[in-house]
Each structure stands twice: as C-alpha cells, then as structure tokens.
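Structure data follow from structure-v4.cif (mmCIF, C-alpha atoms and all ligand atoms):
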data_run
loop_
_atom_site.group_PDB
_atom_site.id
_atom_site.type_symbol
_atom_site.label_atom_id
_atom_site.label_comp_id
_atom_site.auth_asym_id
_atom_site.auth_seq_id
_atom_site.Cartn_x
_atom_site.Cartn_y
_atom_site.Cartn_z
ATOM 1 C CA MET A 1 79.704 119.756 106.399
ATOM 2 C CA SER A 2 80.247 121.561 109.725
ATOM 3 C CA ALA A 3 80.541 125.367 109.866
ATOM 4 C CA PRO A 4 84.301 125.379 110.661
ATOM 5 C CA GLU A 5 84.872 122.948 107.795
ATOM 6 C CA ASN A 6 82.898 125.200 105.436
ATOM 7 C CA ASP A 7 85.047 128.146 106.538
ATOM 8 C CA ARG A 8 88.192 126.141 105.934
ATOM 9 C CA ILE A 9 87.109 125.273 102.368
ATOM 10 C CA ALA A 10 86.009 128.859 101.649
ATOM 11 C CA ARG A 11 89.319 130.263 102.927
ATOM 12 C CA LEU A 12 91.349 127.845 100.790
ATOM 13 C CA SER A 13 89.167 128.436 97.712
ATOM 14 C CA ALA A 14 89.788 132.176 98.016
ATOM 15 C CA ALA A 15 93.538 131.514 98.358
ATOM 16 C CA ALA A 16 93.472 129.330 95.227
ATOM 17 C CA GLN A 17 91.789 132.120 93.266
ATOM 18 C CA ARG A 18 94.452 134.602 94.408
ATOM 19 C CA ILE A 19 97.177 132.132 93.381
ATOM 20 C CA ARG A 20 95.554 131.947 89.932
ATOM 21 C CA GLY A 21 95.474 135.740 89.793
ATOM 22 C CA TYR A 22 99.198 135.992 90.641
ATOM 23 C CA ALA A 23 100.025 133.393 87.974
ATOM 24 C CA LEU A 24 98.054 135.338 85.374
ATOM 25 C CA HIS A 25 99.870 138.499 86.421
ATOM 26 C CA MET A 26 103.293 136.872 85.946
ATOM 27 C CA GLY A 27 102.148 135.370 82.672
ATOM 28 C CA GLU A 28 101.210 138.828 81.465
ATOM 29 C CA VAL A 29 104.637 140.201 82.461
ATOM 30 C CA GLN A 30 106.223 137.761 79.986
ATOM 31 C CA GLY A 31 103.264 137.436 77.596
ATOM 32 C CA GLN A 32 103.641 133.685 77.690
ATOM 33 C CA GLY A 33 104.545 130.736 79.877
ATOM 34 C CA TYR A 34 103.328 127.594 81.596
ATOM 35 C CA ILE A 35 100.158 129.326 82.648
ATOM 36 C CA GLY A 36 97.779 126.452 82.060
ATOM 37 C CA GLN A 37 99.677 124.206 84.476
ATOM 38 C CA ALA A 38 99.704 126.937 87.144
ATOM 39 C CA LEU A 39 95.936 127.367 86.917
ATOM 40 C CA GLY A 40 95.601 123.578 87.053
ATOM 41 C CA VAL A 41 97.596 123.077 90.275
ATOM 42 C CA ALA A 42 96.457 126.249 92.080
ATOM 43 C CA ASP A 43 93.994 124.323 94.264
ATOM 44 C CA ILE A 44 96.642 121.759 95.257
ATOM 45 C CA LEU A 45 99.092 124.509 96.196
ATOM 46 C CA ALA A 46 96.459 126.476 98.116
ATOM 47 C CA VAL A 47 95.676 123.432 100.269
ATOM 48 C CA ALA A 48 99.341 122.449 100.669
ATOM 49 C CA TYR A 49 100.607 125.897 101.693
ATOM 50 C CA GLY A 50 97.432 127.180 103.309
ATOM 51 C CA ASP A 51 96.500 124.120 105.332
ATOM 52 C CA GLN A 52 99.032 121.292 105.435
ATOM 53 C CA LEU A 53 102.645 122.480 105.451
ATOM 54 C CA ARG A 54 104.417 123.646 108.587
ATOM 55 C CA PHE A 55 106.732 126.493 107.611
ATOM 56 C CA ARG A 56 107.740 130.018 108.539
ATOM 57 C CA PRO A 57 107.357 132.430 105.628
ATOM 58 C CA GLU A 58 109.922 134.798 107.129
ATOM 59 C CA ASP A 59 112.465 131.992 107.685
ATOM 60 C CA PRO A 60 112.456 129.710 104.620
ATOM 61 C CA GLN A 61 115.488 127.776 105.923
ATOM 62 C CA TRP A 62 113.921 126.911 109.321
ATOM 63 C CA GLU A 63 115.270 123.420 109.928
ATOM 64 C CA ASP A 64 112.004 121.933 111.173
ATOM 65 C CA ARG A 65 110.004 123.120 108.143
ATOM 66 C CA ASP A 66 108.108 120.702 105.968
ATOM 67 C CA ARG A 67 109.865 120.541 102.614
ATOM 68 C CA PHE A 68 107.878 121.107 99.415
ATOM 69 C CA LEU A 69 109.865 119.913 96.421
ATOM 70 C CA LEU A 70 108.766 120.953 92.957
ATOM 71 C CA SER A 71 110.403 118.542 90.534
ATOM 72 C CA ILE A 72 108.770 120.138 87.519
ATOM 73 C CA GLY A 73 110.938 123.235 87.106
ATOM 74 C CA HIS A 74 108.677 124.606 84.375
ATOM 75 C CA TYR A 75 105.850 124.917 86.950
ATOM 76 C CA ALA A 76 107.880 127.651 88.704
ATOM 77 C CA ILE A 77 105.208 130.255 87.965
ATOM 78 C CA ALA A 78 102.736 128.208 90.036
ATOM 79 C CA LEU A 79 105.148 127.873 92.950
ATOM 80 C CA TYR A 80 106.012 131.602 92.975
ATOM 81 C CA ALA A 81 102.306 132.409 93.058
ATOM 82 C CA ALA A 82 101.851 130.062 96.041
ATOM 83 C CA LEU A 83 104.916 131.483 97.822
ATOM 84 C CA ALA A 84 103.552 134.996 97.275
ATOM 85 C CA GLU A 85 100.224 133.934 98.765
ATOM 86 C CA ALA A 86 102.116 132.320 101.676
ATOM 87 C CA GLY A 87 104.101 135.512 102.344
ATOM 88 C CA THR A 88 107.540 134.081 101.501
ATOM 89 C CA ILE A 89 107.879 136.217 98.333
ATOM 90 C CA PRO A 90 106.732 139.869 98.390
ATOM 91 C CA LEU A 91 103.809 140.469 96.031
ATOM 92 C CA GLU A 92 105.575 143.386 94.281
ATOM 93 C CA GLU A 93 108.382 141.036 93.285
ATOM 94 C CA LEU A 94 106.073 139.137 90.932
ATOM 95 C CA ASP A 95 106.461 142.065 88.513
ATOM 96 C CA SER A 96 110.070 140.976 87.914
ATOM 97 C CA TYR A 97 109.139 137.424 86.852
ATOM 98 C CA GLY A 98 111.501 136.051 84.209
ATOM 99 C CA SER A 99 113.642 139.189 83.828
ATOM 100 C CA ASP A 100 117.449 138.996 83.894
ATOM 101 C CA GLU A 101 118.030 140.340 87.405
ATOM 102 C CA SER A 102 115.010 138.645 88.957
ATOM 103 C CA ARG A 103 114.990 136.103 91.785
ATOM 104 C CA LEU A 104 112.109 134.484 89.883
ATOM 105 C CA PRO A 105 113.550 132.713 86.823
ATOM 106 C CA MET A 106 111.154 130.953 84.445
ATOM 107 C CA SER A 107 112.474 127.559 85.570
ATOM 108 C CA ALA A 108 112.695 127.063 89.338
ATOM 109 C CA MET A 109 116.175 127.265 90.874
ATOM 110 C CA ALA A 110 116.862 126.739 94.549
ATOM 111 C CA SER A 111 119.783 129.155 94.769
ATOM 112 C CA TYR A 112 117.683 132.038 93.379
ATOM 113 C CA THR A 113 114.421 132.008 95.263
ATOM 114 C CA PRO A 114 113.463 131.839 98.939
ATOM 115 C CA GLY A 115 111.214 128.847 99.568
ATOM 116 C CA VAL A 116 112.325 126.947 96.467
ATOM 117 C CA GLU A 117 113.938 123.764 97.808
ATOM 118 C CA ILE A 118 115.367 122.193 94.643
ATOM 119 C CA SER A 119 116.243 123.207 91.097
ATOM 120 C CA GLY A 120 114.024 121.730 88.425
ATOM 121 C CA GLY A 121 114.403 121.314 84.697
ATOM 122 C CA SER A 122 115.666 117.795 84.271
ATOM 123 C CA LEU A 123 112.500 115.847 84.929
ATOM 124 C CA GLY A 124 112.296 112.741 87.093
ATOM 125 C CA HIS A 125 114.638 113.745 89.910
ATOM 126 C CA GLY A 126 112.345 115.272 92.501
ATOM 127 C CA LEU A 127 111.291 112.032 94.117
ATOM 128 C CA THR A 128 114.876 110.790 94.346
ATOM 129 C CA VAL A 129 115.908 113.957 96.214
ATOM 130 C CA ALA A 130 112.787 113.740 98.367
ATOM 131 C CA THR A 131 113.706 110.169 99.301
ATOM 132 C CA GLY A 132 117.124 111.235 100.538
ATOM 133 C CA MET A 133 115.679 114.152 102.486
ATOM 134 C CA ALA A 134 113.021 111.962 104.093
ATOM 135 C CA LEU A 135 115.615 109.376 105.110
ATOM 136 C CA GLY A 136 117.858 112.116 106.499
ATOM 137 C CA LEU A 137 115.062 113.739 108.512
ATOM 138 C CA ARG A 138 114.059 110.396 109.975
ATOM 139 C CA HIS A 139 117.691 109.682 110.866
ATOM 140 C CA LEU A 140 117.895 113.030 112.687
ATOM 141 C CA GLY A 141 114.620 112.397 114.508
ATOM 142 C CA ASN A 142 113.152 115.481 112.839
ATOM 143 C CA PRO A 143 109.355 115.131 112.434
ATOM 144 C CA ALA A 144 109.249 117.415 109.366
ATOM 145 C CA ARG A 145 107.534 115.982 106.305
ATOM 146 C CA VAL A 146 108.603 116.005 102.657
ATOM 147 C CA PHE A 147 106.167 116.701 99.826
ATOM 148 C CA ASN A 148 107.041 116.269 96.167
ATOM 149 C CA LEU A 149 104.852 117.651 93.403
ATOM 150 C CA LEU A 150 105.565 115.800 90.194
ATOM 151 C CA SER A 151 103.884 115.588 86.811
ATOM 152 C CA ASP A 152 102.342 112.772 84.836
ATOM 153 C CA GLY A 153 105.203 113.255 82.367
ATOM 154 C CA GLU A 154 107.637 112.361 85.152
ATOM 155 C CA LEU A 155 106.000 108.961 85.423
ATOM 156 C CA ASP A 156 107.800 108.178 82.141
ATOM 157 C CA GLU A 157 111.122 108.382 83.989
ATOM 158 C CA GLY A 158 112.731 105.265 85.470
ATOM 159 C CA SER A 159 114.268 107.281 88.307
ATOM 160 C CA THR A 160 110.775 108.095 89.616
ATOM 161 C CA TRP A 161 109.954 104.417 90.027
ATOM 162 C CA GLU A 162 113.378 103.606 91.493
ATOM 163 C CA ALA A 163 112.701 106.236 94.168
ATOM 164 C CA ALA A 164 109.160 104.920 94.654
ATOM 165 C CA MET A 165 110.536 101.461 95.392
ATOM 166 C CA ALA A 166 113.109 102.861 97.822
ATOM 167 C CA CYS A 167 110.504 104.902 99.733
ATOM 168 C CA ALA A 168 108.299 101.850 100.218
ATOM 169 C CA HIS A 169 111.277 99.665 101.135
ATOM 170 C CA HIS A 170 112.294 102.103 103.873
ATOM 171 C CA GLY A 171 108.697 102.684 105.035
ATOM 172 C CA LEU A 172 109.067 106.451 104.598
ATOM 173 C CA ASP A 173 105.731 107.656 105.950
ATOM 174 C CA ASN A 174 107.179 111.182 106.191
ATOM 175 C CA ILE A 175 106.971 111.497 102.412
ATOM 176 C CA THR A 176 103.962 112.462 100.295
ATOM 177 C CA ALA A 177 104.108 112.457 96.516
ATOM 178 C CA ILE A 178 101.515 114.526 94.678
ATOM 179 C CA VAL A 179 101.106 113.656 91.020
ATOM 180 C CA ASP A 180 99.567 116.268 88.741
ATOM 181 C CA VAL A 181 97.744 114.164 86.183
ATOM 182 C CA ASN A 182 96.795 116.850 83.658
ATOM 183 C CA ALA A 183 96.908 114.196 80.931
ATOM 184 C CA LEU A 184 99.326 116.340 78.933
ATOM 185 C CA GLN A 185 103.024 116.464 78.115
ATOM 186 C CA ALA A 186 105.160 118.649 75.844
ATOM 187 C CA ASP A 187 104.701 116.245 72.931
ATOM 188 C CA GLY A 188 100.947 115.790 73.322
ATOM 189 C CA PRO A 189 98.448 113.871 75.432
ATOM 190 C CA THR A 190 100.096 111.610 78.016
ATOM 191 C CA ALA A 191 98.059 108.638 76.798
ATOM 192 C CA GLY A 192 99.655 109.018 73.364
ATOM 193 C CA VAL A 193 103.253 109.703 74.456
ATOM 194 C CA LEU A 194 103.579 106.805 76.888
ATOM 195 C CA ARG A 195 100.632 105.136 78.585
ATOM 196 C CA THR A 196 100.899 105.606 82.367
ATOM 197 C CA GLU A 197 97.459 104.381 83.440
ATOM 198 C CA PRO A 198 96.361 102.759 85.632
ATOM 199 C CA VAL A 199 98.353 105.200 87.766
ATOM 200 C CA LEU A 200 96.706 104.357 91.108
ATOM 201 C CA ASP A 201 97.293 100.608 90.694
ATOM 202 C CA LYS A 202 100.941 101.162 89.817
ATOM 203 C CA TRP A 203 101.689 103.142 92.995
ATOM 204 C CA GLN A 204 99.792 100.600 95.079
ATOM 205 C CA ALA A 205 101.802 97.797 93.485
ATOM 206 C CA PHE A 206 104.947 99.686 94.497
ATOM 207 C CA GLY A 207 103.802 99.584 98.139
ATOM 208 C CA TRP A 208 102.387 103.108 98.496
ATOM 209 C CA HIS A 209 99.279 104.270 100.298
ATOM 210 C CA ALA A 210 97.596 105.752 97.234
ATOM 211 C CA LEU A 211 94.569 108.025 96.831
ATOM 212 C CA ARG A 212 93.127 109.637 93.703
ATOM 213 C CA VAL A 213 91.024 112.800 93.693
ATOM 214 C CA ASP A 214 89.781 115.606 91.474
ATOM 215 C CA GLY A 215 92.719 117.999 91.912
ATOM 216 C CA ASN A 216 90.480 121.006 91.334
ATOM 217 C CA ASP A 217 88.099 120.104 94.162
ATOM 218 C CA ILE A 218 89.308 121.826 97.336
ATOM 219 C CA ALA A 219 87.100 119.778 99.686
ATOM 220 C CA ALA A 220 88.306 116.505 98.162
ATOM 221 C CA LEU A 221 91.933 117.643 98.417
ATOM 222 C CA VAL A 222 91.551 118.636 102.061
ATOM 223 C CA SER A 223 90.079 115.325 103.124
ATOM 224 C CA ALA A 224 92.689 113.346 101.157
ATOM 225 C CA PHE A 225 95.577 115.346 102.647
ATOM 226 C CA ASP A 226 94.082 114.897 106.139
ATOM 227 C CA GLU A 227 93.896 111.166 105.646
ATOM 228 C CA ILE A 228 97.481 111.061 104.423
ATOM 229 C CA ALA A 229 98.737 113.059 107.428
ATOM 230 C CA ASP A 230 97.353 110.308 109.693
ATOM 231 C CA HIS A 231 98.693 107.395 107.691
ATOM 232 C CA GLN A 232 101.664 105.547 109.153
ATOM 233 C CA GLY A 233 104.097 102.873 108.011
ATOM 234 C CA ALA A 234 104.205 103.584 104.268
ATOM 235 C CA PRO A 235 104.744 106.541 101.920
ATOM 236 C CA SER A 236 101.623 108.186 100.535
ATOM 237 C CA VAL A 237 100.788 109.426 97.076
ATOM 238 C CA LEU A 238 97.939 111.728 96.137
ATOM 239 C CA ILE A 239 97.098 111.398 92.468
ATOM 240 C CA CYS A 240 95.337 114.568 91.331
ATOM 241 C CA ASP A 241 93.385 114.788 88.113
ATOM 242 C CA THR A 242 93.595 118.459 87.146
ATOM 243 C CA ARG A 243 92.324 120.611 84.308
ATOM 244 C CA ILE A 244 94.838 122.752 82.422
ATOM 245 C CA GLY A 245 93.777 126.398 82.612
ATOM 246 C CA CYS A 246 91.199 125.673 85.334
ATOM 247 C CA GLY A 247 89.227 128.803 86.228
ATOM 248 C CA VAL A 248 89.861 130.577 82.912
ATOM 249 C CA PRO A 249 87.747 129.052 80.099
ATOM 250 C CA LEU A 250 89.651 130.990 77.414
ATOM 251 C CA LEU A 251 92.841 129.144 78.356
ATOM 252 C CA MET A 252 91.155 125.803 79.070
ATOM 253 C CA GLU A 253 90.110 125.761 75.430
ATOM 254 C CA ARG A 254 93.597 126.356 74.021
ATOM 255 C CA GLU A 255 94.607 123.535 71.743
ATOM 256 C CA LYS A 256 98.364 123.363 72.432
ATOM 257 C CA ALA A 257 98.363 124.133 76.103
ATOM 258 C CA HIS A 258 101.831 122.965 77.272
ATOM 259 C CA PHE A 259 103.392 126.399 76.635
ATOM 260 C CA MET A 260 100.910 129.197 76.117
ATOM 261 C CA ARG A 261 101.262 132.429 74.243
ATOM 262 C CA VAL A 262 98.482 134.807 75.173
ATOM 263 C CA GLU A 263 97.767 137.860 73.024
ATOM 264 C CA GLU A 264 97.774 141.303 74.601
ATOM 265 C CA HIS A 265 94.019 141.772 74.293
ATOM 266 C CA GLU A 266 93.318 138.362 75.835
ATOM 267 C CA TRP A 267 94.747 139.103 79.297
ATOM 268 C CA GLN A 268 91.827 141.284 80.249
ATOM 269 C CA ILE A 269 89.402 138.571 79.138
ATOM 270 C CA ALA A 270 91.326 135.997 81.187
ATOM 271 C CA ARG A 271 91.305 138.195 84.289
ATOM 272 C CA THR A 272 87.606 138.903 83.958
ATOM 273 C CA GLN A 273 86.781 135.226 83.549
ATOM 274 C CA LEU A 274 88.783 134.405 86.672
ATOM 275 C CA GLU A 275 87.165 137.181 88.697
ATOM 276 C CA GLU A 276 83.689 136.138 87.586
ATOM 277 C CA GLY A 277 84.323 132.651 88.948
ATOM 278 C CA SER A 278 83.661 131.043 85.578
ATOM 279 C CA PRO A 279 82.542 127.400 85.588
ATOM 280 C CA ARG A 280 85.423 125.001 86.047
HETATM 281 C C1 LIG B 301 114.735 114.406 81.677
HETATM 282 C C2 LIG B 301 113.965 115.355 80.780
HETATM 283 N N1 LIG B 301 113.509 114.905 79.588
HETATM 284 C C3 LIG B 301 112.824 115.745 78.768
HETATM 285 C C4 LIG B 301 112.596 117.049 79.133
HETATM 286 C C5 LIG B 301 111.883 118.000 78.175
HETATM 287 N N2 LIG B 301 110.538 118.339 78.663
HETATM 288 C C6 LIG B 301 110.263 119.537 79.235
HETATM 289 S S1 LIG B 301 108.667 119.664 79.761
HETATM 290 C C7 LIG B 301 108.306 118.106 79.200
HETATM 291 C C8 LIG B 301 106.931 117.534 79.376
HETATM 292 C C9 LIG B 301 106.836 116.599 80.513
HETATM 293 O O1 LIG B 301 105.526 116.243 80.835
HETATM 294 P P1 LIG B 301 104.687 117.057 81.918
HETATM 295 O O2 LIG B 301 105.608 117.546 82.947
HETATM 296 O O3 LIG B 301 103.537 116.208 82.291
HETATM 297 O O4 LIG B 301 104.230 118.275 81.002
HETATM 298 P P2 LIG B 301 103.000 119.317 81.134
HETATM 299 O O5 LIG B 301 101.917 118.685 81.926
HETATM 300 O O6 LIG B 301 103.555 120.546 81.771
HETATM 301 O O7 LIG B 301 102.587 119.578 79.720
HETATM 302 C C10 LIG B 301 109.426 117.518 78.619
HETATM 303 C C11 LIG B 301 109.454 116.160 78.021
HETATM 304 C C12 LIG B 301 113.098 117.471 80.382
HETATM 305 N N3 LIG B 301 112.885 118.720 80.833
HETATM 306 N N4 LIG B 301 113.758 116.609 81.206
HETATM 307 MG MG MG B 302 101.490 116.706 82.381
#

Can you dump the structure from the file as structure tokens?
Ligand SMILES: Cc1ncc(C[n+]2csc(CCOP(=O)(O)OP(=O)(O)O)c2C)c(N)n1
Ligand SMILES: [Mg+2]
Amino acid sequence: MSAPENDRIARLSAAAQRIRGYALHMGEVQGQGYIGQALGVADILAVAYGDQLRFRPEDPQWEDRDRFLLSIGHYAIALYAALAEAGTIPLEELDSYGSDESRLPMSAMASYTPGVEISGGSLGHGLTVATGMALGLRHLGNPARVFNLLSDGELDEGSTWEAAMACAHHGLDNITAIVDVNALQADGPTAGVLRTEPVLDKWQAFGWHALRVDGNDIAALVSAFDEIADHQGAPSVLICDTRIGCGVPLLMEREKAHFMRVEEHEWQIARTQLEEGSPR
C-alpha cells in the first residue's frame, strides 16, 4: 500500500476508535443501550463520514449534501457518535444523550437532531425514502448521492425489496445501500428468525451492483466504497459483515447483545479495552 493510502487508513481507523469512545460515553450516560451495534458499525461510519460523504458540518441542510439515511432508528447512538466526530454535533452535547430535553433521543428523529435525515423506529422504510430522494435529486440535476444504512433485520421487510426493485428499475446509480449484517435481531440470530442468506446473490438478482466485505476492516471498506463511487448505471449495495461490540471484548462476549445493560463497574473495563486496542 502506498504511503498516502496508509495515512488514509490510519486516519480513518483513529476516527473509528473515537466514534467507539463517544458511543461508550453515551452508553454510560444511560447505563444501557444499543451499544454493541454502535461498536459494530463504527468503522463503516468513520469511512462514510470521514472519507466518502460530501457535507458541511456547520450547514446540515446544505442542498448539495450527500444524504446519509439511517433506517435503523435504534442505531441512533452510533449516528450521534459519527456526527460528533464529523463536527455536526458538539462533543459536550453527548452528555445529554437520552434525557428529556436532549436533541439526542434514544431513537433517531429528524426533527430533533442536526444531520439526522429521517426518523427511524419502524423498520424497513429507509430504502423507500432513499429511493424517492435519489429520484428527486436526479430529476433536479443535483449530483448529490444518497446512502442508506440498514440492518439485516430490515431484510425481513417486504418494503425493502420493493424499494430495491424500484432502484434497479430506475437505474439509480446515485444510491448506495449499506447493509449491516451483524447476524442478530431482537429475537435472536438472524439465521433463526428468518433466513436472509445468500444476501449477496439476492441483491444481485434484484439488479444491484453488490459487494460484500468485512465491515470492521477499514481498508476493505475504503476500497469497496471507492469502487462504488465509480460505478455507473445501477444502484450499489455494500454488504458489511460486522461484529457486535467490536473493539471491546467484554461486550463482544455478551450473550443477549441486542440491547445491552452494562454494570457501573464494567464501563471502566470497557473503556480500557477500547483504549488498549484489544484484538477485534
Ligand atoms: C416494522 C418493525 N417491526 C418490528 C420492530 C421491532 N424491532 C425493533 S429492533 C428489531 C430487530 C431488527 O433486527 P436488526 O435491526 O438486525 O437488529 P439488531 O442487529 O440491532 O439486533 C425489531 C424486530 C420494529 N421496530 N419495526
Ligand atoms: Mg441485525
């Protein structure tokens, strides 16, 4: 790898670790939350916000911005951490996470938070909204791109596949779906709730340019996103296999990881493990 490329990976890896740190901090404010997912998608968000998206942190409504749509409202903690790293949300504001007067509710809501494009909660709607936005931008001749981060649980929803068909039909190459395959849902392992594999083949069959990478490998993410940015004529999907709790072994080992409660004495252990750069 060339020296500038090494620098790029090192810079994004450091950003991902800070995003993990911010997520842990917010988790500690509430004592619980969707912390495992945030640690799992931190690398994806670091590359998206630190390398791929065109946006102005001080002007979240800039009309030429690339749109990043989080359809999984419960991953809000991950998005706030990324927006703090990007400079859209002041770092001090993370202390208010989840409190009554806060702009940072536990489930993402567009009207509350700068940089949050859509409200989440009801799963399976992000890609439908993204489709409309991508069509609208193309109609206006606006070169901005639309990214949608969705979960493997959202692949259970018919609306996701309806949108997938529409994107391919309209040749929306300004749209990139990112699927967080953490192999988990609220009711247990994805494979047991509703089998979604082979995920790559399904998106390809729906007419998408589809890639699959280790979603906790920054170098792999960067090269996949670069390839997608150059791809024309069809929508792209980046399927990311991620590890819940990545970077913090204590939390990776939790049995029921969908919603984590972390004991008071465990936060220090989690922080230390993250700072030590524990094996992932
Ligand atoms: C339409 C809809 N159905 C059900 C739910 C309840 N629900 C909340 S989170 C969740 C799990 C979905 O899977 P995924 O997003 O992959 O979960 P995770 O990886 O965070 O465990 C479910 C079913 C919902 N929010 N929306
Ligand atoms: Mg999941």

Contacts between stretch 38-49 of chain A and stretch 136-198 of chain A, please, where a residue of stretch 136-198 of chain A counts if it comes within 9 Å (with all atoms listed in the file); show its shortest atom pair and distance in Å to one decimal, rows by chain and ascending number, as JSON lines.
{"residue": "A:Phe147", "atom": "CA", "partner": "A:Ala48", "partner_atom": "CA", "distance": 9.0}
{"residue": "A:Ile178", "atom": "CA", "partner": "A:Ile44", "partner_atom": "CA", "distance": 8.7}
{"residue": "A:Asp180", "atom": "CA", "partner": "A:Val41", "partner_atom": "CA", "distance": 7.3}
{"residue": "A:Asn182", "atom": "CA", "partner": "A:Gly40", "partner_atom": "CA", "distance": 7.6}

Subject >> the PyMOL selection byres (((chain A and resi 155) around 10) and not hetatm) applied to the shown file, residues as a PyMOL selection string >> reply: chain A and resi 123-124+150-154+156-161+179+181+190+194-197+199

Subject >> Spatial neighbours of A:His169, 12 Å, all atoms listed in the file, chain gap at least 5 places, as a PyMOL selection string >> reply: chain A and resi 131+135+162-164+206-208+233-235

Subject >> Residue nearest A:Ile228 among A:Thr128, A:Gln52, A:Gly188, A:Gln204 (counting all atoms listed in the file) >> reply: A:Gln52

Original post:
Mind telling me what the PyMOL selection byres (((chain A and resi 94-100) around 9) and not hetatm) catches here, as a PyMOL selection string?
Top reply: chain A and resi 22-23+25-27+29-30+77+80-81+84+89-93+101-107

Might I get the box with edges along x, y and z of the file that holds all atoms of ligand LIG 301 (chain B) listed there, padded by 8 Å on every side, given as centre and edge lengths in Å to one decimal, as lines of an AutoDock Vina configuration file?
center_x = 108.3
center_y = 117.5
center_z = 80.5
size_x = 28.8
size_y = 22.1
size_z = 20.9
